[in-house]
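Engineer: Next up, protein15.pdb (PDB, C-alpha atoms).
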MODEL        1
ATOM      1  CA  MET A   1      12.696  14.245  10.601
ATOM      2  CA  ASP A   2      10.923  11.088  11.754
ATOM      3  CA  ASP A   3      12.564   7.692  11.606
ATOM      4  CA  LEU A   4      11.828   5.942   8.318
ATOM      5  CA  VAL A   5       8.733   3.756   8.249
ATOM      6  CA  ILE A   6       9.059   1.008   5.630
ATOM      7  CA  THR A   7       5.930  -0.632   4.235
ATOM      8  CA  VAL A   8       6.237  -3.986   2.488
ATOM      9  CA  THR A   9       3.674  -5.336   0.026
ATOM     10  CA  CYS A  10       4.489  -8.899  -1.004
ATOM     11  CA  ASP A  11       1.671  -9.928  -3.362
ATOM     12  CA  SER A  12       2.581  -9.573  -7.057
ATOM     13  CA  SER A  13      -0.223 -11.808  -8.347
ATOM     14  CA  MET A  14      -2.082  -8.816  -9.800
ATOM     15  CA  SER A  15       0.698  -6.452 -10.823
ATOM     16  CA  TYR A  16       3.450  -8.895 -11.881
ATOM     17  CA  PRO A  17       1.504 -12.128 -12.477
ATOM     18  CA  THR A  18       4.447 -13.948 -14.088
ATOM     19  CA  ASN A  19       6.767 -13.473 -11.095
ATOM     20  CA  PRO A  20       7.995 -17.079 -10.608
ATOM     21  CA  ASN A  21       8.840 -16.522  -6.934
ATOM     22  CA  MET A  22       5.325 -15.499  -5.890
ATOM     23  CA  PRO A  23       3.571 -18.293  -3.957
ATOM     24  CA  PRO A  24      -0.070 -19.031  -4.794
ATOM     25  CA  ILE A  25      -2.192 -16.566  -2.839
ATOM     26  CA  GLU A  26      -4.044 -19.504  -1.273
ATOM     27  CA  ASP A  27      -0.755 -20.602   0.341
ATOM     28  CA  THR A  28      -1.204 -18.190   3.227
ATOM     29  CA  GLU A  29       1.638 -19.782   5.189
ATOM     30  CA  ALA A  30       4.175 -19.031   2.436
ATOM     31  CA  VAL A  31       2.783 -15.565   1.709
ATOM     32  CA  GLY A  32       2.746 -14.758   5.418
ATOM     33  CA  GLN A  33       6.363 -15.887   5.723
ATOM     34  CA  GLN A  34       7.343 -13.335   3.076
ATOM     35  CA  TYR A  35       5.984 -10.652   5.400
ATOM     36  CA  VAL A  36       7.655 -12.120   8.467
ATOM     37  CA  ASP A  37      11.040 -12.124   6.719
ATOM     38  CA  ALA A  38      10.497  -8.567   5.447
ATOM     39  CA  VAL A  39       9.699  -7.353   8.967
ATOM     40  CA  ASN A  40      12.866  -9.004  10.247
ATOM     41  CA  ALA A  41      14.731  -7.081   7.528
ATOM     42  CA  GLY A  42      13.336  -3.712   8.673
ATOM     43  CA  ALA A  43       9.746  -3.276   7.441
ATOM     44  CA  THR A  44       7.200  -2.095  10.005
ATOM     45  CA  ILE A  45       3.947  -1.971   7.992
ATOM     46  CA  CYS A  46       2.649  -5.141   6.306
ATOM     47  CA  HIS A  47       0.355  -4.146   3.441
ATOM     48  CA  HIS A  48      -1.209  -7.483   2.599
ATOM     49  CA  HIS A  49      -3.922  -8.648   0.219
ATOM     50  CA  GLY A  50      -5.077 -11.825   1.939
ATOM     51  CA  VAL A  51      -6.780 -14.042  -0.623
ATOM     52  CA  HIS A  52      -8.527 -12.176  -3.429
ATOM     53  CA  TYR A  53      -9.764 -12.809  -6.960
ATOM     54  CA  LEU A  54     -10.093 -10.218  -9.725
ATOM     55  CA  GLU A  55     -13.476 -10.126 -11.431
ATOM     56  CA  THR A  56     -13.307 -11.147 -15.075
ATOM     57  CA  GLU A  57     -15.991  -8.776 -16.372
ATOM     58  CA  MET A  58     -17.340  -5.316 -15.610
ATOM     59  CA  ALA A  59     -20.195  -5.738 -13.119
ATOM     60  CA  GLU A  60     -23.625  -4.129 -13.354
ATOM     61  CA  ASP A  61     -22.579  -1.474 -10.843
ATOM     62  CA  GLY A  62     -19.896  -0.234 -13.266
ATOM     63  CA  LYS A  63     -17.024  -1.665 -11.242
ATOM     64  CA  LYS A  64     -14.382  -4.273 -11.998
ATOM     65  CA  LEU A  65     -12.720  -5.084  -8.713
ATOM     66  CA  SER A  66     -11.708  -8.009  -6.510
ATOM     67  CA  LYS A  67     -13.709 -10.526  -4.542
ATOM     68  CA  ILE A  68     -12.225 -11.544  -1.220
ATOM     69  CA  ASP A  69     -11.928 -14.655   0.924
ATOM     70  CA  LEU A  70     -12.362 -13.528   4.540
ATOM     71  CA  ASP A  71     -10.690 -16.617   6.000
ATOM     72  CA  GLY A  72      -7.694 -16.116   3.740
ATOM     73  CA  TRP A  73      -7.196 -12.596   5.042
ATOM     74  CA  GLN A  74      -7.340 -13.757   8.624
ATOM     75  CA  ALA A  75      -4.863 -16.541   7.910
ATOM     76  CA  VAL A  76      -2.219 -14.184   6.511
ATOM     77  CA  THR A  77      -2.700 -11.812   9.450
ATOM     78  CA  ASP A  78      -2.416 -14.656  11.952
ATOM     79  CA  LYS A  79       0.840 -15.833  10.356
ATOM     80  CA  ILE A  80       2.385 -12.354  10.515
ATOM     81  CA  ARG A  81       1.325 -11.854  14.117
ATOM     82  CA  SER A  82       2.402 -15.316  15.217
ATOM     83  CA  VAL A  83       6.056 -14.341  15.576
ATOM     84  CA  GLY A  84       5.419 -11.470  17.993
ATOM     85  CA  THR A  85       7.281  -8.672  16.212
ATOM     86  CA  ASN A  86       4.092  -6.551  16.241
ATOM     87  CA  PRO A  87       4.279  -4.819  12.856
ATOM     88  CA  ILE A  88       1.358  -2.674  11.724
ATOM     89  CA  ILE A  89      -1.157  -4.762   9.783
ATOM     90  CA  GLN A  90      -2.517  -2.801   6.836
ATOM     91  CA  TYR A  91      -5.262  -4.443   4.782
ATOM     92  CA  GLY A  92      -4.494  -3.457   1.198
ATOM     93  CA  ILE A  93      -7.999  -3.885  -0.094
ATOM     94  CA  ALA A  94      -8.668  -0.609  -1.869
ATOM     95  CA  SER A  95      -9.886  -2.672  -4.835
ATOM     96  CA  ALA A  96     -12.980  -4.235  -3.210
ATOM     97  CA  ARG A  97     -16.519  -3.067  -2.606
ATOM     98  CA  LEU A  98     -17.422  -1.280   0.598
ATOM     99  CA  PRO A  99     -19.484  -4.079   2.243
ATOM    100  CA  GLU A 100     -16.532  -6.460   1.926
ATOM    101  CA  LYS A 101     -14.184  -3.840   3.327
ATOM    102  CA  ILE A 102     -16.425  -3.329   6.337
ATOM    103  CA  ALA A 103     -16.542  -7.098   6.884
ATOM    104  CA  LEU A 104     -12.721  -7.106   6.870
ATOM    105  CA  MET A 105     -12.614  -4.264   9.406
ATOM    106  CA  LYS A 106     -14.203  -6.646  11.886
ATOM    107  CA  GLN A 107     -11.005  -8.745  11.815
ATOM    108  CA  GLY A 108      -9.223  -5.897  13.575
ATOM    109  CA  PRO A 109      -6.416  -4.800  11.236
ATOM    110  CA  ASP A 110      -4.536  -1.706  12.351
ATOM    111  CA  MET A 111      -5.100   0.001   9.006
ATOM    112  CA  MET A 112      -6.993  -0.370   5.737
ATOM    113  CA  SER A 113      -6.251   1.133   2.333
ATOM    114  CA  TYR A 114      -8.843   3.315   0.667
ATOM    115  CA  ALA A 115      -8.450   5.087  -2.663
ATOM    116  CA  PHE A 116      -9.639   8.681  -2.363
ATOM    117  CA  ASN A 117      -9.625   8.946  -6.147
ATOM    118  CA  VAL A 118     -10.823   6.884  -9.084
ATOM    119  CA  HIS A 119      -9.591   3.325  -9.564
ATOM    120  CA  ASP A 120      -8.330   2.865 -13.110
ATOM    121  CA  GLU A 121      -5.424   0.439 -13.160
ATOM    122  CA  PHE A 122      -3.755  -1.529 -15.950
ATOM    123  CA  PHE A 123      -1.200  -4.231 -15.135
ATOM    124  CA  GLN A 124       0.675  -5.839 -18.042
ATOM    125  CA  PRO A 125       4.441  -5.914 -17.438
ATOM    126  CA  ASP A 126       4.647  -8.939 -19.761
ATOM    127  CA  PRO A 127       2.898  -8.212 -23.100
ATOM    128  CA  SER A 128       2.462 -11.955 -23.701
ATOM    129  CA  VAL A 129       0.044 -12.152 -20.754
ATOM    130  CA  PRO A 130      -3.420 -10.513 -20.856
ATOM    131  CA  PRO A 131      -3.638  -7.388 -18.698
ATOM    132  CA  ASN A 132      -5.229  -7.243 -15.271
ATOM    133  CA  GLU A 133      -7.476  -4.182 -15.101
ATOM    134  CA  MET A 134      -9.530  -2.587 -12.324
ATOM    135  CA  TYR A 135     -12.124   0.175 -12.510
ATOM    136  CA  SER A 136     -14.234   1.975  -9.928
ATOM    137  CA  LEU A 137     -15.374   5.409  -8.930
ATOM    138  CA  HIS A 138     -15.189   6.254  -5.235
ATOM    139  CA  PRO A 139     -17.787   9.018  -4.745
ATOM    140  CA  ARG A 140     -17.675  11.190  -1.649
ATOM    141  CA  ASP A 141     -20.710   9.591  -0.026
ATOM    142  CA  GLU A 142     -18.861   6.255  -0.219
ATOM    143  CA  LEU A 143     -15.723   7.816   1.273
ATOM    144  CA  GLU A 144     -17.816   9.263   4.085
ATOM    145  CA  GLU A 145     -19.461   5.890   4.807
ATOM    146  CA  ALA A 146     -16.118   4.091   4.714
ATOM    147  CA  SER A 147     -14.447   6.623   7.000
ATOM    148  CA  THR A 148     -17.322   6.410   9.470
ATOM    149  CA  ALA A 149     -17.088   2.614   9.513
ATOM    150  CA  ALA A 150     -13.320   2.745  10.010
ATOM    151  CA  LEU A 151     -13.701   4.990  13.051
ATOM    152  CA  GLU A 152     -16.365   2.710  14.488
ATOM    153  CA  HIS A 153     -14.103  -0.333  14.110
ATOM    154  CA  GLY A 154     -10.910   1.391  15.298
ATOM    155  CA  VAL A 155      -9.178   1.008  11.927
ATOM    156  CA  LYS A 156      -7.008   3.820  10.576
ATOM    157  CA  LEU A 157      -7.395   4.474   6.858
ATOM    158  CA  GLU A 158      -4.374   4.644   4.604
ATOM    159  CA  ILE A 159      -5.386   7.257   2.036
ATOM    160  CA  GLU A 160      -4.290   6.185  -1.438
ATOM    161  CA  CYS A 161      -3.480   9.259  -3.552
ATOM    162  CA  PHE A 162      -2.833   8.679  -7.238
ATOM    163  CA  TYR A 163      -3.113  12.388  -8.059
ATOM    164  CA  SER A 164      -3.770  15.644  -6.203
ATOM    165  CA  GLY A 165      -7.573  15.391  -6.377
ATOM    166  CA  ALA A 166      -7.313  12.816  -3.586
ATOM    167  CA  PHE A 167      -6.056  15.627  -1.340
ATOM    168  CA  TRP A 168      -9.251  17.582  -1.936
ATOM    169  CA  ASN A 169     -11.347  14.552  -1.012
ATOM    170  CA  MET A 170      -9.140  13.958   2.020
ATOM    171  CA  GLU A 171      -9.836  17.441   3.351
ATOM    172  CA  PHE A 172     -13.553  17.131   2.515
ATOM    173  CA  ILE A 173     -13.757  14.029   4.716
ATOM    174  CA  ARG A 174     -11.428  15.382   7.410
ATOM    175  CA  ASP A 175     -13.569  18.519   7.715
ATOM    176  CA  LYS A 176     -16.384  16.177   8.756
ATOM    177  CA  ALA A 177     -14.164  14.896  11.612
ATOM    178  CA  LEU A 178     -14.016  11.437  10.010
ATOM    179  CA  LEU A 179     -10.233  11.135   9.698
ATOM    180  CA  GLU A 180      -7.986  11.067  12.736
ATOM    181  CA  ASN A 181      -4.749  13.044  12.682
ATOM    182  CA  PRO A 182      -2.110  12.547  11.590
ATOM    183  CA  VAL A 183      -3.451  11.275   8.274
ATOM    184  CA  TRP A 184      -1.375   8.566   6.587
ATOM    185  CA  ALA A 185      -1.271   9.102   2.819
ATOM    186  CA  THR A 186       0.500   7.073   0.166
ATOM    187  CA  LEU A 187       1.473   8.836  -3.057
ATOM    188  CA  PHE A 188       1.442   6.563  -6.124
ATOM    189  CA  PHE A 189       3.809   7.067  -9.049
ATOM    190  CA  GLY A 190       4.043   5.076 -12.265
ATOM    191  CA  TRP A 191       0.882   3.021 -11.738
ATOM    192  CA  GLN A 192      -0.406   2.545 -15.272
ATOM    193  CA  GLY A 193      -3.994   3.350 -16.189
ATOM    194  CA  GLY A 194      -6.227   6.392 -16.105
ATOM    195  CA  ALA A 195      -5.065   7.428 -12.615
ATOM    196  CA  TRP A 196      -1.375   7.448 -13.662
ATOM    197  CA  THR A 197       1.057  10.016 -12.320
ATOM    198  CA  PRO A 198       4.507   9.888 -13.951
ATOM    199  CA  PRO A 199       7.342   8.482 -11.799
ATOM    200  CA  THR A 200       9.495  11.596 -11.851
ATOM    201  CA  ALA A 201      11.141  13.918  -9.361
ATOM    202  CA  LYS A 202       8.943  16.790 -10.550
ATOM    203  CA  SER A 203       5.816  14.743  -9.865
ATOM    204  CA  MET A 204       6.962  14.008  -6.327
ATOM    205  CA  ILE A 205       7.806  17.624  -5.597
ATOM    206  CA  TYR A 206       4.425  18.715  -6.967
ATOM    207  CA  LEU A 207       2.425  16.299  -4.839
ATOM    208  CA  VAL A 208       4.470  16.847  -1.685
ATOM    209  CA  ASP A 209       4.211  20.633  -2.084
ATOM    210  CA  HIS A 210       0.404  20.360  -2.306
ATOM    211  CA  LEU A 211      -0.146  17.981   0.591
ATOM    212  CA  PRO A 212      -2.533  19.295   3.246
ATOM    213  CA  PRO A 213      -1.133  19.878   6.752
ATOM    214  CA  ASN A 214      -0.802  17.151   9.382
ATOM    215  CA  VAL A 215      -0.230  14.368   6.851
ATOM    216  CA  ASN A 216       2.477  11.715   6.985
ATOM    217  CA  TRP A 217       3.353  10.748   3.426
ATOM    218  CA  ASN A 218       4.584   7.513   1.982
ATOM    219  CA  VAL A 219       5.521   6.635  -1.612
ATOM    220  CA  SER A 220       4.732   3.688  -3.868
ATOM    221  CA  ILE A 221       6.598   3.610  -7.190
ATOM    222  CA  MET A 222       5.586   1.002  -9.757
ATOM    223  CA  ASP A 223       8.465   1.488 -12.133
ATOM    224  CA  PRO A 224      11.645  -0.629 -11.990
ATOM    225  CA  LYS A 225      13.698   2.054 -13.756
ATOM    226  CA  THR A 226      12.968   4.910 -11.359
ATOM    227  CA  GLN A 227      11.827   3.330  -8.107
ATOM    228  CA  TRP A 228      15.144   3.372  -6.312
ATOM    229  CA  GLN A 229      16.032   6.954  -7.291
ATOM    230  CA  LEU A 230      12.614   8.219  -6.202
ATOM    231  CA  ALA A 231      12.749   6.190  -3.002
ATOM    232  CA  ALA A 232      16.034   7.884  -2.129
ATOM    233  CA  MET A 233      14.442  11.245  -2.876
ATOM    234  CA  ALA A 234      11.505  10.490  -0.591
ATOM    235  CA  ILE A 235      13.856   9.434   2.204
ATOM    236  CA  GLY A 236      15.784  12.687   1.844
ATOM    237  CA  LEU A 237      12.608  14.783   1.866
ATOM    238  CA  GLY A 238      11.330  13.189   5.058
ATOM    239  CA  GLY A 239       8.732  10.878   3.533
ATOM    240  CA  HIS A 240       8.323   7.169   4.077
ATOM    241  CA  VAL A 241       8.779   4.320   1.599
ATOM    242  CA  ARG A 242       6.854   1.277   0.430
ATOM    243  CA  VAL A 243       8.576  -1.592  -1.395
ATOM    244  CA  GLY A 244       7.766  -5.164  -2.312
ATOM    245  CA  TRP A 245       6.774  -7.443  -5.136
ATOM    246  CA  GLU A 246       3.483  -5.643  -5.758
ATOM    247  CA  ASP A 247       5.256  -2.406  -6.665
ATOM    248  CA  ASN A 248       8.481  -3.693  -8.207
ATOM    249  CA  PRO A 249      10.085  -7.130  -7.768
ATOM    250  CA  TYR A 250      13.425  -6.060  -9.276
ATOM    251  CA  LEU A 251      16.602  -5.124  -7.420
ATOM    252  CA  PRO A 252      18.556  -1.972  -8.401
ATOM    253  CA  ASN A 253      20.810  -4.039 -10.681
ATOM    254  CA  GLY A 254      17.782  -5.305 -12.605
ATOM    255  CA  GLU A 255      17.817  -8.818 -11.175
ATOM    256  CA  LEU A 256      14.569 -10.358  -9.979
ATOM    257  CA  SER A 257      14.553 -10.528  -6.198
ATOM    258  CA  LYS A 258      14.124 -13.955  -4.603
ATOM    259  CA  HIS A 259      12.480 -12.605  -1.452
ATOM    260  CA  ASN A 260      10.710  -9.394  -0.501
ATOM    261  CA  ALA A 261      13.186  -9.023   2.356
ATOM    262  CA  GLN A 262      15.892  -8.260  -0.225
ATOM    263  CA  LEU A 263      13.933  -5.197  -1.373
ATOM    264  CA  VAL A 264      13.509  -4.009   2.203
ATOM    265  CA  GLU A 265      17.234  -4.450   2.778
ATOM    266  CA  VAL A 266      17.985  -2.099  -0.127
ATOM    267  CA  ILE A 267      15.913   0.657   1.515
ATOM    268  CA  VAL A 268      17.462   0.004   4.930
ATOM    269  CA  LYS A 269      20.979   0.331   3.512
ATOM    270  CA  MET A 270      19.970   3.409   1.523
ATOM    271  CA  ALA A 271      18.530   5.128   4.588
ATOM    272  CA  GLU A 272      21.503   4.219   6.744
ATOM    273  CA  THR A 273      23.859   5.651   4.127
ATOM    274  CA  MET A 274      21.819   8.865   4.152
ATOM    275  CA  GLY A 275      21.868   9.033   7.947
ATOM    276  CA  ARG A 276      18.159   8.383   8.523
ATOM    277  CA  PRO A 277      17.291   5.806  11.197
ATOM    278  CA  ILE A 278      14.843   2.984  10.487
ATOM    279  CA  ALA A 279      11.710   2.988  12.629
ATOM    280  CA  THR A 280      11.101   0.049  14.945
ATOM    281  CA  PRO A 281       7.546  -1.321  15.107
ATOM    282  CA  GLU A 282       7.003   0.629  18.333
ATOM    283  CA  THR A 283       8.314   3.876  16.832
ATOM    284  CA  ALA A 284       6.347   3.323  13.632
ATOM    285  CA  ARG A 285       3.126   3.046  15.635
ATOM    286  CA  LYS A 286       3.851   6.389  17.307
ATOM    287  CA  ILE A 287       4.520   8.017  13.928
ATOM    288  CA  VAL A 288       1.511   6.528  12.143
ATOM    289  CA  PHE A 289      -1.039   6.845  14.913
ATOM    290  CA  GLY A 290       0.325   9.939  16.614
ATOM    291  CA  SER A 291       0.441   8.423  20.071
TER
ENDMDL
END
Could the structure of this file be written out as structure tokens, please?

Structural biologist:
Amino acid sequence: MDDLVITVTCDSSMSYPTNPNMPPIEDTEAVGQQYVDAVNAGATICHHHGVHYLETEMAEDGKKLSKIDLDGWQAVTDKIRSVGTNPIIQYGIASARLPEKIALMKQGPDMMSYAFNVHDEFFQPDPSVPPNEMYSLHPRDELEEASTAALEHGVKLEIECFYSGAFWNMEFIRDKALLENPVWATLFFGWQGGAWTPPTAKSMIYLVDHLPPNVNWNVSIMDPKTQWQLAAMAIGLGGHVRVGWEDNPYLPNGELSKHNAQLVEVIVKMAETMGRPIATPETARKIVFGS
């Protein structure tokens, strides 16, 4: 079993917009420091969102996604890299249009997220606040173009899998020699909307049992009630774990975390108790990139 690779995702502005501890996304120094502290706590992949703004209306192309600020993305990356710990930089920009994603590839992140299934997300943890919603199809010709661009720019795709149909698309693109092995796939549980998969043990077993070969799998659980149990299950099964304010800002006792590093520390302690070592940045790179 590989050492545990921990991904941290610190931006709750979309998924938990009332989180009082979340800095403004324009404060790239403060947001970047959240990642730095999380890496010092044991995370080795920084899934960051730079500076982004959700569209307020459905666009003419039938999508409702995010617009991005290129300089903001570079600023967060520069802050994370400034301390020399060398974590993997993963641009979590699955919710943007392809031309903007390709422009971001030119900044040289190690990885970039891409949903290999439909985007249909609904974020409203506080009913008193209007929901944030995103919609987009990701047809196979788009996936092929994105995968080609990623190879050309030396960026590894993180394949976002909200349900098993993403596996079919993954193999369709890999058969065209457009995905390098091992593939890195994140399985999403409890993300509300039309791409929802329930956050249950049976769901995890089902998806893991149907994964294609030569795939490293990671889990993202957007459900405060079940995240920690399912994270422990993933650790025991040999998967990897993502935590942070985007997925769930609450500690196991239900208290709101003050820093993302606290959430990473829970996973580190959990893995140590279970006898699974935590990957260093160097080891994580060997696991993720297969080198």

Engineer: By how many Å are atom CA of A:Ala279 and atom CA of A:Met1 apart?

Structural biologist: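 If I compute the distance from atom CA of A:Ala279 to atom CA of A:Met1, I get 11.5 Å.
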
Engineer: Just checking: using all atoms listed in the file, which residue out of A:Val118, A:Leu263, A:Val268, A:Val39 ends up closest to A:Gly84?

Structural biologist: A:Val39

Engineer: Nearest to A:Glu57 among A:Asn132, A:Asn214, A:Ser257, A:Ser95, with distances taken over all atoms listed in the file: which residue is it?

Structural biologist: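 The closest residue to A:Glu57 is A:Asn132.
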
Engineer: Run the PyMOL selection byres ((chain A and resi 10-26) around 7) against the file shown and list the residues it catches, as a ChimeraX atom specification.

Structural biologist: /A:8-9,27-28,30-31,34-35,48-49,51,123,125,132,244-246,258,260

Engineer: Kindly give the distance, in Å, that separates atom CA of A:Ala166 and atom CA of A:Ala43, rounded to a single decimal.

Structural biologist: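 So the two atoms, atom CA of A:Ala166 and atom CA of A:Ala43, lie 25.9 Å apart.
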
Engineer: For the structure shown, which residues end up in the PyMOL selection byres ((chain A and resi 120-122) around 8)? Put them as a VMD selection string, please?

Structural biologist: chain A and resid 118 to 119 123 to 124 131 to 136 191 to 195

Engineer: Can you tell me how far atom CA of A:Glu144 sits from atom CA of A:His240, in Å to one decimal?

Structural biologist: 26.2 Å

Engineer: Translate the PyMOL selection byres ((chain A and resi 113) around 9), as applied to the file shown, into an explicit residue set as a compact mmCIF listing (two decimals) with C-alpha atoms, in the frame of the given file.

Structural biologist:
# COMPACT_ATOMS: atom_id res chain seq x y z
CA HIS A 47 0.36 -4.15 3.44
CA GLN A 90 -2.52 -2.80 6.84
CA TYR A 91 -5.26 -4.44 4.78
CA GLY A 92 -4.49 -3.46 1.20
CA ILE A 93 -8.00 -3.88 -0.09
CA ALA A 94 -8.67 -0.61 -1.87
CA SER A 95 -9.89 -2.67 -4.84
CA MET A 111 -5.10 0.00 9.01
CA MET A 112 -6.99 -0.37 5.74
CA TYR A 114 -8.84 3.32 0.67
CA ALA A 115 -8.45 5.09 -2.66
CA LYS A 156 -7.01 3.82 10.58
CA LEU A 157 -7.40 4.47 6.86
CA GLU A 158 -4.37 4.64 4.60
CA ILE A 159 -5.39 7.26 2.04
CA GLU A 160 -4.29 6.18 -1.44

Engineer: A:Ser291, A:Gly238, A:Ala284, A:Trp184: which is nearest A:Ala271, counting all atoms listed in the file?

Structural biologist: A:Gly238

Engineer: Fewer than 6 positions away in the same chain doesn't count, so skip those; otherwise give me all residues within 10 Å of A:Phe167, counting all atoms listed in the file, as a PyMOL selection string.

Structural biologist: chain A and resi 116-117+159-161+173+185+207+210-212

Engineer: When you count all atoms listed in the file, which of these residues is closest to A:Val76: A:Glu29, A:Glu145, A:Asp247, A:Asp2?

Structural biologist: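 Smallest distance to A:Val76 is found for A:Glu29.
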
Engineer: In terms of the shortest atom-to-atom distance over only C-alpha atoms, which of A:Asp61, A:Arg97, A:Gly50, A:Phe289 is closest to A:Gly154?

Structural biologist: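 Once distances to A:Gly154 are computed over only C-alpha atoms, the minimum belongs to A:Phe289.
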
Engineer: Which of these, A:Met58, A:Met233, A:Ile45, A:Ala177, has the shortest distance to A:Thr283 once you count all atoms listed in the file?

Structural biologist: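 Closest candidate: A:Ile45.
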
Engineer: Would you kindly return, as a compact mmCIF listing (two decimals) with C-alpha atoms, in the coordinates of the input, each protein, DNA or RNA residue with an atom no farther than 10 Å from any atom of A:Pro198, considering all atoms listed in the file and excluding same-chain residues fewer than 6 positions away?

Structural biologist:
# COMPACT_ATOMS: atom_id res chain seq x y z
CA TYR A 163 -3.11 12.39 -8.06
CA PHE A 188 1.44 6.56 -6.12
CA PHE A 189 3.81 7.07 -9.05
CA GLY A 190 4.04 5.08 -12.26
CA TRP A 191 0.88 3.02 -11.74
CA GLN A 192 -0.41 2.54 -15.27
CA MET A 204 6.96 14.01 -6.33
CA ILE A 221 6.60 3.61 -7.19
CA MET A 222 5.59 1.00 -9.76
CA ASP A 223 8.46 1.49 -12.13

Engineer: Find the smallest box with edges along x, y and z containing every listed atom of stretch 127-145 of chain A, then add 6 Å on each side and report centre and edge lengths in Å to one decimal, as lines of an AutoDock Vina configuration file.

Structural biologist:
center_x = -8.9
center_y = -0.5
center_z = -9.4
size_x = 35.6
size_y = 35.3
size_z = 40.5
